[in-house]
Amino acid sequence: MPGTSPTRTASSTDPPLVAEELLTESRKHPGRLAGAIAVLLVAAFLIDSFAGAQIDWGVVRHYLGAGFLIQGLGMTLLLTLVAMVLGVVLGVLIAVMRLSKNPVTSGVAWFYVWVFRGTPVYLQLLLWFNLALVFPMVSIPGIYSARTVDVMTPFVAAALGLGINQGAYTSEVVRAGLLSVDEGQVEAAYAIGMGRLRTLYRVVLPQAMRVIVPPIGNETIGMLKTTSLASAVGVTEILLQAQHAYYVNNRIMELLIVCAVWYLAAVSVLSVVQFYVERHFAKGSSRPLPPTPLQRLRAAAGRKPVLR
Amino acid sequence: MTTPTTIATATSTTESPLLRAEAVHKYFGDHHVLRGIDLDVARGEVLCLLGPSGSGKSTFLRCINHLETIHSGRIWLGDETIGYRQQGARLVERPEREIVRQRRAMGMVFQRFNLFPHRTALQNVIEGPVQVRRENPKSARERGVSLLERVGLGDKLDAYPRQLSGGQQQRVAIARALAMEPRLMLFDEPTSALDPELVGEVLTVMKDLADSGLTMIVVTHEIGFAREVADRVAFMDGGRILEIGSPAEVLDSPQHERTKTFLSRVL
């Protein structure tokens with residue numbers, strides 16, 4: 001600062017500059033610096049305490065590659081996929097029913113959302129798992145019949161419970177998406193001779209997707225973590241595998257940290273997928289699409305020759 | 001096959017109107033929007049519907065392709081009643097399958113274009129042929145390209161609607177309607193949402209269609225277009241057609257007091 005003052009004093013006595021020579025300066029932000037220092041101090045404290053904590057990082061590293069945990073992660077991902085597919089299919093169906101002019105159809109849809117959004121998902125999992133207590137047999141008359149305990153395996157109970165619960169939430173998201181599409185779009189589709197179903201899946205749903213996809217992406221990430229509840233009904237997903245291991249070797253924190261790392265990794269991958277899916281459905285939107293990381297790299301590479 | 005009788009029938013069908021409305025009534029709740037519309041439109045004819053807003057002209061147009069239901073009366077396209085089938089003394093709404101088939105014979109152009117924003121100009125045009133008429137995508141594409149060239153947008157095939165001006169969007173919408181090879185085109189105030197300097201390009205395309213012999217019903221406020229292109233002009237007010245005749249008759253020497261007031265305001 002003092003180094004620049006001589007010029008300042010000199011110029012202040014000079015006659016006023018012409019407007020072209022008056023340069024602007026952006027405002028200083030002393031608060032930002034203070035904030036950054038405070039945050040770094042807290043971070044340093046946390047890192048220091050974890051370094052001194054009784055965590056055996058070697059054990060963490062060892063279990064990161066453990067086959068039984070990766071197997072559990074595979075089960076977590078499979079359950080996420082099955083539950084989300086079921087949830088989205090049910091969500092679209094319930095949303096369309098809810099918007100139907102038939103009061104019975106829309107009433108049933110309303111009831112579905114009321115029940116499955118109104119009770120804890122953990123409770124629903126337990127209900128599905130124990131279904132055999134009230135329905136000893138499941139059957140499609142004349143075609144198929146089996147004992148409920150044989151059908152309602154932990155995986156089936158968890159997939160049904162999570163998927164049906166998800167359907168209740170997704171239906172509200174889909175309903176909002178369908179309502180966001182302009183009525184004129186439906187009329188235009190009818191005018192070129194489309195029926196209602198074709199209008200729905202060629203014209204309305206693709207446009208509703210722009211509204212539907214971001215929250216569904218969020219919910220998929222939420223589902224990935226909610227599948228840990230399936231350990232309660234005995235699905236050997238990653239958390240239950242870790243629990244089985246630490247009941248034996250007592251490396252509780254180490255195994256939980258490994259699980260956290262795997263969950264974070266899976267969520268990060270899903271976030272990337274979400275980015276590209278959102279881009280796909282933003283086609284024709286008014287806002288320009290943000291460049292993909294690859295396009296950014298290419299742009300950066302392409303700019304160099306210009307600078308030369 | 002070609003007996004004199006068939007020839008006689010053939011002649012009589014060419015003489016009968018393409019579209020005929022008989023005593024069409026419509027209510028929105030308690031509001032009596034259409035109070036008995038009778039109208040014949042011949043093959044190849046261009047009819048302009050004029051009238052103040054709220055006169056029912058757009059509603060009537062939308063009844064023609066059954067985007068709106070009607071309360072009573074009949075609308076014939078060729079030898080079929082649109083939207084309803086007569087069973088004794090009752091008119092029963094047709095199943096969706098039949099309504100969809102009937103709509104395919106009519107193209108419609110909307111005030112607000114209503115292009116599909118998630119599809120390019122060409123995709124908008126071939127959507128009907130490929131999805132509805134099950135046309136082979138390759139030949140539909142070729143036809144789509146030549147239709148877009150016909151409306152002067154041969155260089156905008158891959159543009160999304162939002163990248164096009166209003167006039168360009170409306171011309172894509174016209175090409176989209178033409179792609180279904182309709183027997184009748186319905187235009188619902190096609191230039192009302194356009195900036196004044198873009199109106200001309202759309203009207204030029206419409207005039208070109210009229211010259212090619214397409215049957216058109218045009219709801220419009222463009223008196224100049226009506227005078228130059230229309231075979232007949234109808235003036236609507238209060239849910240009725242108050243007068244109908246050649247542009248010279250209706251626009252230059254209107255008989256009805258309401259028509260005179262309306263024309264003095266818009267001209």
# chains A, B, ... in the order shown; residues from 1 in each chain; ligands from 1
$ select_by_dssp --residues "region 84-259 of chain A" --states "strand (DSSP E)" --output "short mmCIF file (atom, residue, chain, number, x, y, z; two decimals) with all heavy atoms, in the first residue's frame"
data_model
loop_
_atom_site.label_atom_id
_atom_site.label_comp_id
_atom_site.auth_asym_id
_atom_site.auth_seq_id
_atom_site.Cartn_x
_atom_site.Cartn_y
_atom_site.Cartn_z
N MET A 137 -50.52 -67.41 1.89
CA MET A 137 -50.30 -67.82 0.50
C MET A 137 -50.48 -66.61 -0.42
O MET A 137 -51.35 -65.78 -0.19
CB MET A 137 -51.32 -68.89 0.08
CG MET A 137 -51.28 -70.18 0.88
SD MET A 137 -49.78 -71.13 0.56
CE MET A 137 -50.21 -71.88 -1.01
N VAL A 138 -49.66 -66.53 -1.45
CA VAL A 138 -49.95 -65.57 -2.52
C VAL A 138 -50.30 -66.36 -3.76
O VAL A 138 -49.69 -67.40 -4.03
CB VAL A 138 -48.74 -64.64 -2.84
CG1 VAL A 138 -48.63 -63.53 -1.84
CG2 VAL A 138 -47.47 -65.44 -2.93
N SER A 139 -51.29 -65.88 -4.52
CA SER A 139 -51.65 -66.62 -5.72
C SER A 139 -52.30 -65.72 -6.74
O SER A 139 -52.97 -64.74 -6.41
CB SER A 139 -52.62 -67.76 -5.36
OG SER A 139 -53.80 -67.22 -4.81
N ILE A 140 -52.02 -66.05 -8.00
CA ILE A 140 -52.81 -65.49 -9.10
C ILE A 140 -53.72 -66.65 -9.49
O ILE A 140 -53.23 -67.68 -9.97
CB ILE A 140 -51.90 -65.08 -10.28
CG1 ILE A 140 -50.81 -64.12 -9.79
CG2 ILE A 140 -52.72 -64.43 -11.40
CD1 ILE A 140 -49.69 -63.93 -10.79
N TYR A 144 -50.80 -69.33 -10.66
CA TYR A 144 -49.63 -69.36 -9.81
C TYR A 144 -50.04 -69.32 -8.36
O TYR A 144 -51.00 -68.63 -7.99
CB TYR A 144 -48.77 -68.14 -10.15
CG TYR A 144 -47.55 -67.95 -9.29
CD1 TYR A 144 -46.39 -68.67 -9.52
CD2 TYR A 144 -47.58 -67.04 -8.23
CE1 TYR A 144 -45.28 -68.48 -8.72
CE2 TYR A 144 -46.47 -66.85 -7.43
CZ TYR A 144 -45.32 -67.58 -7.68
OH TYR A 144 -44.24 -67.40 -6.90
N SER A 145 -49.33 -70.04 -7.54
CA SER A 145 -49.61 -70.02 -6.12
C SER A 145 -48.36 -70.43 -5.37
O SER A 145 -47.64 -71.34 -5.79
CB SER A 145 -50.77 -70.97 -5.82
OG SER A 145 -50.91 -71.11 -4.42
N ALA A 146 -48.06 -69.75 -4.26
CA ALA A 146 -46.86 -70.09 -3.50
C ALA A 146 -47.03 -69.61 -2.07
O ALA A 146 -47.90 -68.80 -1.77
CB ALA A 146 -45.64 -69.45 -4.13
N ARG A 147 -46.17 -70.14 -1.20
CA ARG A 147 -46.19 -69.67 0.18
C ARG A 147 -45.55 -68.28 0.23
O ARG A 147 -44.52 -68.04 -0.38
CB ARG A 147 -45.41 -70.63 1.06
CG ARG A 147 -46.22 -71.88 1.42
CD ARG A 147 -45.31 -72.93 2.01
NE ARG A 147 -44.60 -72.41 3.18
CZ ARG A 147 -43.36 -72.77 3.51
NH1 ARG A 147 -42.70 -73.60 2.75
NH2 ARG A 147 -42.79 -72.26 4.59
#
$ interface_residues --of "chain A" --to "chain B" --cutoff "8 Å" --atoms "only C-alpha atoms" --output "ChimeraX atom specification"
/A:184-185,187-188,190-195,203,206-207,282-286
$ select_by_dssp --residues "region 146-266 of chain B" --states "helix (DSSP H, G or I)" --output "ChimeraX atom specification"
/B:146-150,161-163,166-178,196-211,223-229,247-252,257-266
$ closest_residue --among "A:Thr227, A:Gln54, A:Thr148, A:Gln124" --to "Val82 (chain A)" --atoms "only C-alpha atoms"
A:Thr227
$ residues_around --residues "region 218-223 of chain A" --least-positions-apart "3" --cutoff "12 Å" --atoms "only C-alpha atoms" --output "ChimeraX atom specification"
/A:76-88,121,158-159,161-163,165-170,173,212-215,226-230,263-275,278
$ atom_distance --atom1 "CA of Ser72 (chain B)" --atom2 "CA of Ala21 (chain B)"
10.9 Å
$ residues_around --residues "Ser264 (chain B)" --least-positions-apart "2" --cutoff "12 Å" --atoms "only C-alpha atoms" --output "PDB file with N, CA and C atoms, in the first residue's frame"
ATOM      1  N   ILE B 223     -57.681  -7.742 -42.552  1.00  0.00           N
ATOM      2  CA  ILE B 223     -58.703  -7.430 -43.543  1.00  0.00           C
ATOM      3  C   ILE B 223     -58.109  -7.447 -44.960  1.00  0.00           C
ATOM      4  N   LEU B 251     -66.998  -6.660 -47.149  1.00  0.00           N
ATOM      5  CA  LEU B 251     -66.051  -5.652 -46.665  1.00  0.00           C
ATOM      6  C   LEU B 251     -66.367  -4.257 -47.203  1.00  0.00           C
ATOM      7  N   ASP B 252     -66.891  -4.181 -48.426  1.00  0.00           N
ATOM      8  CA  ASP B 252     -67.097  -2.853 -49.029  1.00  0.00           C
ATOM      9  C   ASP B 252     -68.518  -2.339 -48.859  1.00  0.00           C
ATOM     10  N   SER B 253     -69.503  -3.268 -48.885  1.00  0.00           N
ATOM     11  CA  SER B 253     -70.867  -2.758 -48.660  1.00  0.00           C
ATOM     12  C   SER B 253     -71.595  -3.645 -47.653  1.00  0.00           C
ATOM     13  N   PRO B 254     -71.108  -3.642 -46.403  1.00  0.00           N
ATOM     14  CA  PRO B 254     -71.751  -4.477 -45.388  1.00  0.00           C
ATOM     15  C   PRO B 254     -73.197  -4.052 -45.166  1.00  0.00           C
ATOM     16  N   GLU B 257     -75.466  -3.594 -39.358  1.00  0.00           N
ATOM     17  CA  GLU B 257     -74.922  -2.470 -38.591  1.00  0.00           C
ATOM     18  C   GLU B 257     -73.659  -2.871 -37.829  1.00  0.00           C
ATOM     19  N   ARG B 258     -73.675  -4.081 -37.204  1.00  0.00           N
ATOM     20  CA  ARG B 258     -72.525  -4.565 -36.425  1.00  0.00           C
ATOM     21  C   ARG B 258     -71.292  -4.693 -37.326  1.00  0.00           C
ATOM     22  N   THR B 259     -71.487  -5.187 -38.534  1.00  0.00           N
ATOM     23  CA  THR B 259     -70.361  -5.333 -39.450  1.00  0.00           C
ATOM     24  C   THR B 259     -69.760  -3.968 -39.764  1.00  0.00           C
ATOM     25  N   LYS B 260     -70.638  -2.997 -40.028  1.00  0.00           N
ATOM     26  CA  LYS B 260     -70.148  -1.647 -40.359  1.00  0.00           C
ATOM     27  C   LYS B 260     -69.311  -1.070 -39.221  1.00  0.00           C
ATOM     28  N   THR B 261     -69.836  -1.182 -37.969  1.00  0.00           N
ATOM     29  CA  THR B 261     -69.086  -0.656 -36.829  1.00  0.00           C
ATOM     30  C   THR B 261     -67.736  -1.362 -36.700  1.00  0.00           C
ATOM     31  N   PHE B 262     -67.772  -2.717 -36.817  1.00  0.00           N
ATOM     32  CA  PHE B 262     -66.530  -3.483 -36.658  1.00  0.00           C
ATOM     33  C   PHE B 262     -65.506  -3.060 -37.708  1.00  0.00           C
ATOM     34  N   VAL B 266     -61.590  -1.528 -37.391  1.00  0.00           N
ATOM     35  CA  VAL B 266     -60.332  -2.220 -37.723  1.00  0.00           C
ATOM     36  C   VAL B 266     -59.660  -1.666 -38.973  1.00  0.00           C
ATOM     37  N   LEU B 267     -60.421  -0.973 -39.829  1.00  0.00           N
ATOM     38  CA  LEU B 267     -59.796  -0.522 -41.079  1.00  0.00           C
ATOM     39  C   LEU B 267     -59.018   0.781 -40.890  1.00  0.00           C
TER      40      LEU B 267
END
$ atom_distance --atom1 "CA of Ala226 (chain B)" --atom2 "CA of Gly200 (chain B)"
13.3 Å
$ residues_around --residues "Gly144 (chain B)" --least-positions-apart "4" --cutoff "9 Å" --atoms "only C-alpha atoms" --output "PDB file with all heavy atoms, in the first residue's frame"
ATOM      1  N   LEU B 122     -37.559 -29.820 -38.465  1.00  0.00           N
ATOM      2  CA  LEU B 122     -37.858 -30.993 -39.291  1.00  0.00           C
ATOM      3  C   LEU B 122     -38.549 -32.085 -38.467  1.00  0.00           C
ATOM      4  O   LEU B 122     -39.507 -32.716 -38.931  1.00  0.00           O
ATOM      5  CB  LEU B 122     -36.561 -31.531 -39.923  1.00  0.00           C
ATOM      6  CG  LEU B 122     -36.749 -32.703 -40.882  1.00  0.00           C
ATOM      7  CD1 LEU B 122     -37.668 -32.323 -42.033  1.00  0.00           C
ATOM      8  CD2 LEU B 122     -35.410 -33.177 -41.430  1.00  0.00           C
ATOM      9  N   GLN B 123     -38.092 -32.281 -37.225  1.00  0.00           N
ATOM     10  CA  GLN B 123     -38.722 -33.295 -36.378  1.00  0.00           C
ATOM     11  C   GLN B 123     -40.179 -32.942 -36.093  1.00  0.00           C
ATOM     12  O   GLN B 123     -41.037 -33.817 -36.021  1.00  0.00           O
ATOM     13  CB  GLN B 123     -37.951 -33.442 -35.062  1.00  0.00           C
ATOM     14  CG  GLN B 123     -36.618 -34.155 -35.221  1.00  0.00           C
ATOM     15  CD  GLN B 123     -35.767 -34.090 -33.963  1.00  0.00           C
ATOM     16  OE1 GLN B 123     -36.018 -33.275 -33.080  1.00  0.00           O
ATOM     17  NE2 GLN B 123     -34.750 -34.930 -33.895  1.00  0.00           N
ATOM     18  N   VAL B 125     -42.119 -31.395 -38.131  1.00  0.00           N
ATOM     19  CA  VAL B 125     -42.889 -31.624 -39.354  1.00  0.00           C
ATOM     20  C   VAL B 125     -43.149 -33.118 -39.577  1.00  0.00           C
ATOM     21  O   VAL B 125     -44.237 -33.511 -39.979  1.00  0.00           O
ATOM     22  CB  VAL B 125     -42.171 -30.997 -40.565  1.00  0.00           C
ATOM     23  CG1 VAL B 125     -42.885 -31.346 -41.860  1.00  0.00           C
ATOM     24  CG2 VAL B 125     -42.096 -29.484 -40.405  1.00  0.00           C
ATOM     25  N   ILE B 126     -42.154 -33.962 -39.277  1.00  0.00           N
ATOM     26  CA  ILE B 126     -42.328 -35.388 -39.589  1.00  0.00           C
ATOM     27  C   ILE B 126     -42.967 -36.169 -38.441  1.00  0.00           C
ATOM     28  O   ILE B 126     -43.248 -37.355 -38.584  1.00  0.00           O
ATOM     29  CB  ILE B 126     -40.993 -36.073 -40.001  1.00  0.00           C
ATOM     30  CG1 ILE B 126     -40.019 -36.103 -38.831  1.00  0.00           C
ATOM     31  CG2 ILE B 126     -40.375 -35.373 -41.194  1.00  0.00           C
ATOM     32  CD1 ILE B 126     -38.772 -36.912 -39.146  1.00  0.00           C
ATOM     33  N   SER B 139     -38.726 -41.472 -46.146  1.00  0.00           N
ATOM     34  CA  SER B 139     -39.545 -40.729 -47.109  1.00  0.00           C
ATOM     35  C   SER B 139     -40.235 -39.554 -46.414  1.00  0.00           C
ATOM     36  O   SER B 139     -40.443 -38.499 -47.007  1.00  0.00           O
ATOM     37  CB  SER B 139     -40.561 -41.653 -47.772  1.00  0.00           C
ATOM     38  OG  SER B 139     -41.595 -41.972 -46.872  1.00  0.00           O
ATOM     39  N   ALA B 140     -40.576 -39.741 -45.116  1.00  0.00           N
ATOM     40  CA  ALA B 140     -41.183 -38.633 -44.369  1.00  0.00           C
ATOM     41  C   ALA B 140     -40.196 -37.470 -44.279  1.00  0.00           C
ATOM     42  O   ALA B 140     -40.564 -36.305 -44.419  1.00  0.00           O
ATOM     43  CB  ALA B 140     -41.586 -39.097 -42.975  1.00  0.00           C
ATOM     44  N   LEU B 148     -40.620 -27.815 -45.757  1.00  0.00           N
ATOM     45  CA  LEU B 148     -39.961 -26.667 -45.123  1.00  0.00           C
ATOM     46  C   LEU B 148     -39.357 -25.749 -46.177  1.00  0.00           C
ATOM     47  O   LEU B 148     -39.335 -24.527 -46.010  1.00  0.00           O
ATOM     48  CB  LEU B 148     -38.897 -27.148 -44.129  1.00  0.00           C
ATOM     49  CG  LEU B 148     -39.485 -27.637 -42.801  1.00  0.00           C
ATOM     50  CD1 LEU B 148     -38.442 -28.346 -41.950  1.00  0.00           C
ATOM     51  CD2 LEU B 148     -40.070 -26.469 -42.013  1.00  0.00           C
ATOM     52  N   GLU B 149     -38.883 -26.332 -47.276  1.00  0.00           N
ATOM     53  CA  GLU B 149     -38.393 -25.492 -48.375  1.00  0.00           C
ATOM     54  C   GLU B 149     -39.543 -24.674 -48.953  1.00  0.00           C
ATOM     55  O   GLU B 149     -39.397 -23.504 -49.278  1.00  0.00           O
ATOM     56  CB  GLU B 149     -37.750 -26.356 -49.463  1.00  0.00           C
ATOM     57  CG  GLU B 149     -36.307 -26.736 -49.122  1.00  0.00           C
ATOM     58  CD  GLU B 149     -35.768 -27.864 -49.988  1.00  0.00           C
ATOM     59  OE1 GLU B 149     -36.533 -28.414 -50.821  1.00  0.00           O
ATOM     60  OE2 GLU B 149     -34.584 -28.212 -49.800  1.00  0.00           O
ATOM     61  N   LEU B 157     -33.723 -26.533 -41.000  1.00  0.00           N
ATOM     62  CA  LEU B 157     -34.230 -27.869 -40.689  1.00  0.00           C
ATOM     63  C   LEU B 157     -33.918 -28.298 -39.260  1.00  0.00           C
ATOM     64  O   LEU B 157     -34.760 -28.874 -38.585  1.00  0.00           O
ATOM     65  CB  LEU B 157     -33.615 -28.893 -41.651  1.00  0.00           C
ATOM     66  CG  LEU B 157     -33.821 -28.641 -43.145  1.00  0.00           C
ATOM     67  CD1 LEU B 157     -33.088 -29.702 -43.949  1.00  0.00           C
ATOM     68  CD2 LEU B 157     -35.307 -28.648 -43.477  1.00  0.00           C
ATOM     69  N   ALA B 175     -46.111 -25.974 -42.076  1.00  0.00           N
ATOM     70  CA  ALA B 175     -45.527 -27.157 -42.725  1.00  0.00           C
ATOM     71  C   ALA B 175     -45.909 -28.425 -41.964  1.00  0.00           C
ATOM     72  O   ALA B 175     -46.201 -29.464 -42.563  1.00  0.00           O
ATOM     73  CB  ALA B 175     -44.006 -27.018 -42.800  1.00  0.00           C
ATOM     74  N   ARG B 176     -45.934 -28.331 -40.625  1.00  0.00           N
ATOM     75  CA  ARG B 176     -46.295 -29.491 -39.813  1.00  0.00           C
ATOM     76  C   ARG B 176     -47.729 -29.936 -40.107  1.00  0.00           C
ATOM     77  O   ARG B 176     -48.015 -31.132 -40.215  1.00  0.00           O
ATOM     78  CB  ARG B 176     -46.150 -29.155 -38.326  1.00  0.00           C
ATOM     79  CG  ARG B 176     -46.586 -30.270 -37.407  1.00  0.00           C
ATOM     80  CD  ARG B 176     -46.322 -29.958 -35.961  1.00  0.00           C
ATOM     81  NE  ARG B 176     -47.184 -28.894 -35.460  1.00  0.00           N
ATOM     82  CZ  ARG B 176     -47.191 -28.476 -34.194  1.00  0.00           C
ATOM     83  NH1 ARG B 176     -46.362 -29.017 -33.320  1.00  0.00           N
ATOM     84  NH2 ARG B 176     -47.999 -27.516 -33.820  1.00  0.00           N
ATOM     85  N   ALA B 179     -47.992 -31.562 -43.551  1.00  0.00           N
ATOM     86  CA  ALA B 179     -47.356 -32.878 -43.658  1.00  0.00           C
ATOM     87  C   ALA B 179     -48.377 -34.002 -43.548  1.00  0.00           C
ATOM     88  O   ALA B 179     -48.134 -35.117 -43.995  1.00  0.00           O
ATOM     89  CB  ALA B 179     -46.275 -33.030 -42.591  1.00  0.00           C
TER      90      ALA B 179
END
$ residues_around --residues "Thr204 (chain B)" --least-positions-apart "3" --cutoff "12 Å" --atoms "only C-alpha atoms" --output "ChimeraX atom specification"
/B:150-152,167,170-171,174,191,198-201,207-211,225,228-229
$ write_last_selection --atoms "all heavy atoms" --output "short mmCIF file (atom, residue, chain, number, x, y, z; two decimals), in the first residue's frame"
data_model
loop_
_atom_site.label_atom_id
_atom_site.label_comp_id
_atom_site.auth_asym_id
_atom_site.auth_seq_id
_atom_site.Cartn_x
_atom_site.Cartn_y
_atom_site.Cartn_z
N ARG B 150 -40.71 -25.32 -49.04
CA ARG B 150 -41.87 -24.63 -49.61
C ARG B 150 -42.26 -23.41 -48.78
O ARG B 150 -42.71 -22.40 -49.32
CB ARG B 150 -43.03 -25.62 -49.69
CG ARG B 150 -44.26 -25.05 -50.33
CD ARG B 150 -45.29 -26.14 -50.55
NE ARG B 150 -46.57 -25.56 -50.91
CZ ARG B 150 -47.70 -26.25 -50.96
NH1 ARG B 150 -47.70 -27.53 -50.68
NH2 ARG B 150 -48.82 -25.65 -51.29
N VAL B 151 -42.09 -23.48 -47.44
CA VAL B 151 -42.42 -22.33 -46.61
C VAL B 151 -41.19 -21.44 -46.39
O VAL B 151 -41.19 -20.57 -45.52
CB VAL B 151 -43.05 -22.73 -45.26
CG1 VAL B 151 -44.36 -23.46 -45.47
CG2 VAL B 151 -42.09 -23.58 -44.43
N GLY B 152 -40.13 -21.72 -47.17
CA GLY B 152 -38.96 -20.85 -47.14
C GLY B 152 -38.02 -21.08 -45.98
O GLY B 152 -37.29 -20.18 -45.57
N GLY B 167 -42.40 -15.54 -36.86
CA GLY B 167 -42.86 -15.80 -38.23
C GLY B 167 -42.33 -17.13 -38.75
O GLY B 167 -43.05 -17.89 -39.40
N GLN B 170 -44.22 -19.96 -37.05
CA GLN B 170 -45.56 -20.17 -37.59
C GLN B 170 -45.47 -20.87 -38.95
O GLN B 170 -46.33 -21.69 -39.29
CB GLN B 170 -46.30 -18.83 -37.69
CG GLN B 170 -47.79 -18.96 -37.94
CD GLN B 170 -48.51 -19.72 -36.83
OE1 GLN B 170 -48.22 -20.88 -36.57
NE2 GLN B 170 -49.45 -19.06 -36.19
N ARG B 171 -44.42 -20.57 -39.71
CA ARG B 171 -44.29 -21.25 -41.01
C ARG B 171 -43.95 -22.73 -40.81
O ARG B 171 -44.43 -23.59 -41.56
CB ARG B 171 -43.23 -20.55 -41.86
CG ARG B 171 -43.75 -19.22 -42.40
CD ARG B 171 -42.79 -18.58 -43.36
NE ARG B 171 -41.69 -17.92 -42.67
CZ ARG B 171 -40.47 -17.76 -43.18
NH1 ARG B 171 -40.19 -18.26 -44.37
NH2 ARG B 171 -39.54 -17.13 -42.51
N ILE B 174 -47.17 -24.37 -40.05
CA ILE B 174 -47.95 -24.60 -41.26
C ILE B 174 -47.44 -25.85 -41.98
O ILE B 174 -48.22 -26.72 -42.40
CB ILE B 174 -47.91 -23.37 -42.18
CG1 ILE B 174 -48.65 -22.20 -41.52
CG2 ILE B 174 -48.51 -23.68 -43.55
CD1 ILE B 174 -48.53 -20.87 -42.26
N THR B 191 -51.67 -14.88 -37.37
CA THR B 191 -50.68 -13.79 -37.33
C THR B 191 -50.87 -12.87 -36.12
O THR B 191 -50.15 -11.90 -35.96
CB THR B 191 -50.77 -12.93 -38.61
OG1 THR B 191 -52.11 -12.43 -38.74
CG2 THR B 191 -50.39 -13.72 -39.84
N LEU B 198 -43.34 -9.31 -39.12
CA LEU B 198 -43.25 -10.74 -39.44
C LEU B 198 -44.56 -11.29 -40.01
O LEU B 198 -44.62 -12.43 -40.44
CB LEU B 198 -42.88 -11.53 -38.18
CG LEU B 198 -41.57 -11.14 -37.51
CD1 LEU B 198 -41.35 -11.97 -36.25
CD2 LEU B 198 -40.40 -11.32 -38.48
N VAL B 199 -45.60 -10.45 -39.98
CA VAL B 199 -46.91 -10.91 -40.44
C VAL B 199 -46.87 -11.26 -41.93
O VAL B 199 -47.39 -12.29 -42.35
CB VAL B 199 -47.98 -9.81 -40.16
CG1 VAL B 199 -49.29 -10.15 -40.86
CG2 VAL B 199 -48.20 -9.67 -38.67
N GLY B 200 -46.19 -10.43 -42.71
CA GLY B 200 -46.18 -10.59 -44.15
C GLY B 200 -45.69 -11.95 -44.61
O GLY B 200 -46.30 -12.58 -45.47
N GLU B 201 -44.59 -12.45 -44.01
CA GLU B 201 -44.02 -13.72 -44.48
C GLU B 201 -44.99 -14.88 -44.28
O GLU B 201 -45.05 -15.80 -45.10
CB GLU B 201 -42.69 -14.00 -43.76
CG GLU B 201 -42.78 -14.18 -42.25
CD GLU B 201 -41.41 -14.20 -41.57
OE1 GLU B 201 -40.64 -13.22 -41.72
OE2 GLU B 201 -41.11 -15.19 -40.90
N LYS B 207 -51.13 -17.38 -48.69
CA LYS B 207 -51.67 -17.02 -50.00
C LYS B 207 -51.25 -18.06 -51.03
O LYS B 207 -52.05 -18.49 -51.87
CB LYS B 207 -51.15 -15.64 -50.40
CG LYS B 207 -51.73 -15.14 -51.72
CD LYS B 207 -51.29 -13.70 -51.96
CE LYS B 207 -51.91 -13.15 -53.24
NZ LYS B 207 -51.79 -14.06 -54.40
N ASP B 208 -49.99 -18.49 -50.92
CA ASP B 208 -49.46 -19.52 -51.80
C ASP B 208 -50.27 -20.81 -51.67
O ASP B 208 -50.60 -21.46 -52.68
CB ASP B 208 -47.99 -19.74 -51.45
CG ASP B 208 -47.37 -20.88 -52.21
OD1 ASP B 208 -47.42 -20.83 -53.45
OD2 ASP B 208 -46.85 -21.82 -51.58
N LEU B 209 -50.64 -21.17 -50.44
CA LEU B 209 -51.45 -22.37 -50.21
C LEU B 209 -52.83 -22.21 -50.84
O LEU B 209 -53.36 -23.12 -51.47
CB LEU B 209 -51.61 -22.64 -48.72
CG LEU B 209 -50.37 -23.01 -47.94
CD1 LEU B 209 -50.70 -23.23 -46.48
CD2 LEU B 209 -49.77 -24.27 -48.52
N ALA B 210 -53.40 -21.02 -50.66
CA ALA B 210 -54.73 -20.76 -51.22
C ALA B 210 -54.68 -20.90 -52.74
O ALA B 210 -55.56 -21.51 -53.34
CB ALA B 210 -55.19 -19.36 -50.83
N ASP B 211 -53.62 -20.37 -53.35
CA ASP B 211 -53.49 -20.45 -54.80
C ASP B 211 -53.34 -21.89 -55.28
O ASP B 211 -53.70 -22.23 -56.40
CB ASP B 211 -52.27 -19.63 -55.27
CG ASP B 211 -52.50 -18.14 -55.08
OD1 ASP B 211 -53.67 -17.75 -54.92
OD2 ASP B 211 -51.51 -17.38 -55.09
N PHE B 225 -55.69 -9.29 -46.11
CA PHE B 225 -55.56 -10.68 -46.54
C PHE B 225 -56.91 -11.23 -46.98
O PHE B 225 -57.04 -11.86 -48.04
CB PHE B 225 -54.99 -11.52 -45.40
CG PHE B 225 -54.89 -12.99 -45.72
CD1 PHE B 225 -53.82 -13.49 -46.44
CD2 PHE B 225 -55.86 -13.87 -45.27
CE1 PHE B 225 -53.73 -14.84 -46.73
CE2 PHE B 225 -55.78 -15.22 -45.55
CZ PHE B 225 -54.71 -15.70 -46.29
N GLU B 228 -57.90 -9.88 -50.34
CA GLU B 228 -57.11 -10.32 -51.48
C GLU B 228 -57.25 -11.82 -51.75
O GLU B 228 -57.30 -12.25 -52.90
CB GLU B 228 -55.63 -9.99 -51.22
CG GLU B 228 -54.74 -10.18 -52.41
CD GLU B 228 -53.27 -10.04 -52.05
OE1 GLU B 228 -52.96 -9.63 -50.91
OE2 GLU B 228 -52.42 -10.36 -52.90
N VAL B 229 -57.33 -12.63 -50.68
CA VAL B 229 -57.21 -14.08 -50.84
C VAL B 229 -58.53 -14.81 -50.71
O VAL B 229 -58.76 -15.81 -51.38
CB VAL B 229 -56.18 -14.63 -49.83
CG1 VAL B 229 -56.05 -16.15 -49.96
CG2 VAL B 229 -54.82 -13.98 -50.05
#
$ atom_distance --atom1 "CA of Ser100 (chain A)" --atom2 "CA of Arg175 (chain A)"
11.1 Å
$ residues_around --residues "Gly58 (chain A)" --least-positions-apart "5" --cutoff "10 Å" --atoms "only C-alpha atoms" --output "short mmCIF file (atom, residue, chain, number, x, y, z; two decimals) with N, CA and C atoms, in the first residue's frame"
data_model
loop_
_atom_site.label_atom_id
_atom_site.label_comp_id
_atom_site.auth_asym_id
_atom_site.auth_seq_id
_atom_site.Cartn_x
_atom_site.Cartn_y
_atom_site.Cartn_z
N TYR A 63 -9.77 -52.64 4.27
CA TYR A 63 -11.15 -53.05 4.00
C TYR A 63 -11.76 -52.35 2.77
N LEU A 64 -11.07 -51.29 2.30
CA LEU A 64 -11.60 -50.61 1.10
C LEU A 64 -11.70 -51.56 -0.08
N GLU A 254 -13.72 -48.13 11.69
CA GLU A 254 -13.00 -48.34 10.44
C GLU A 254 -13.96 -48.83 9.35
#
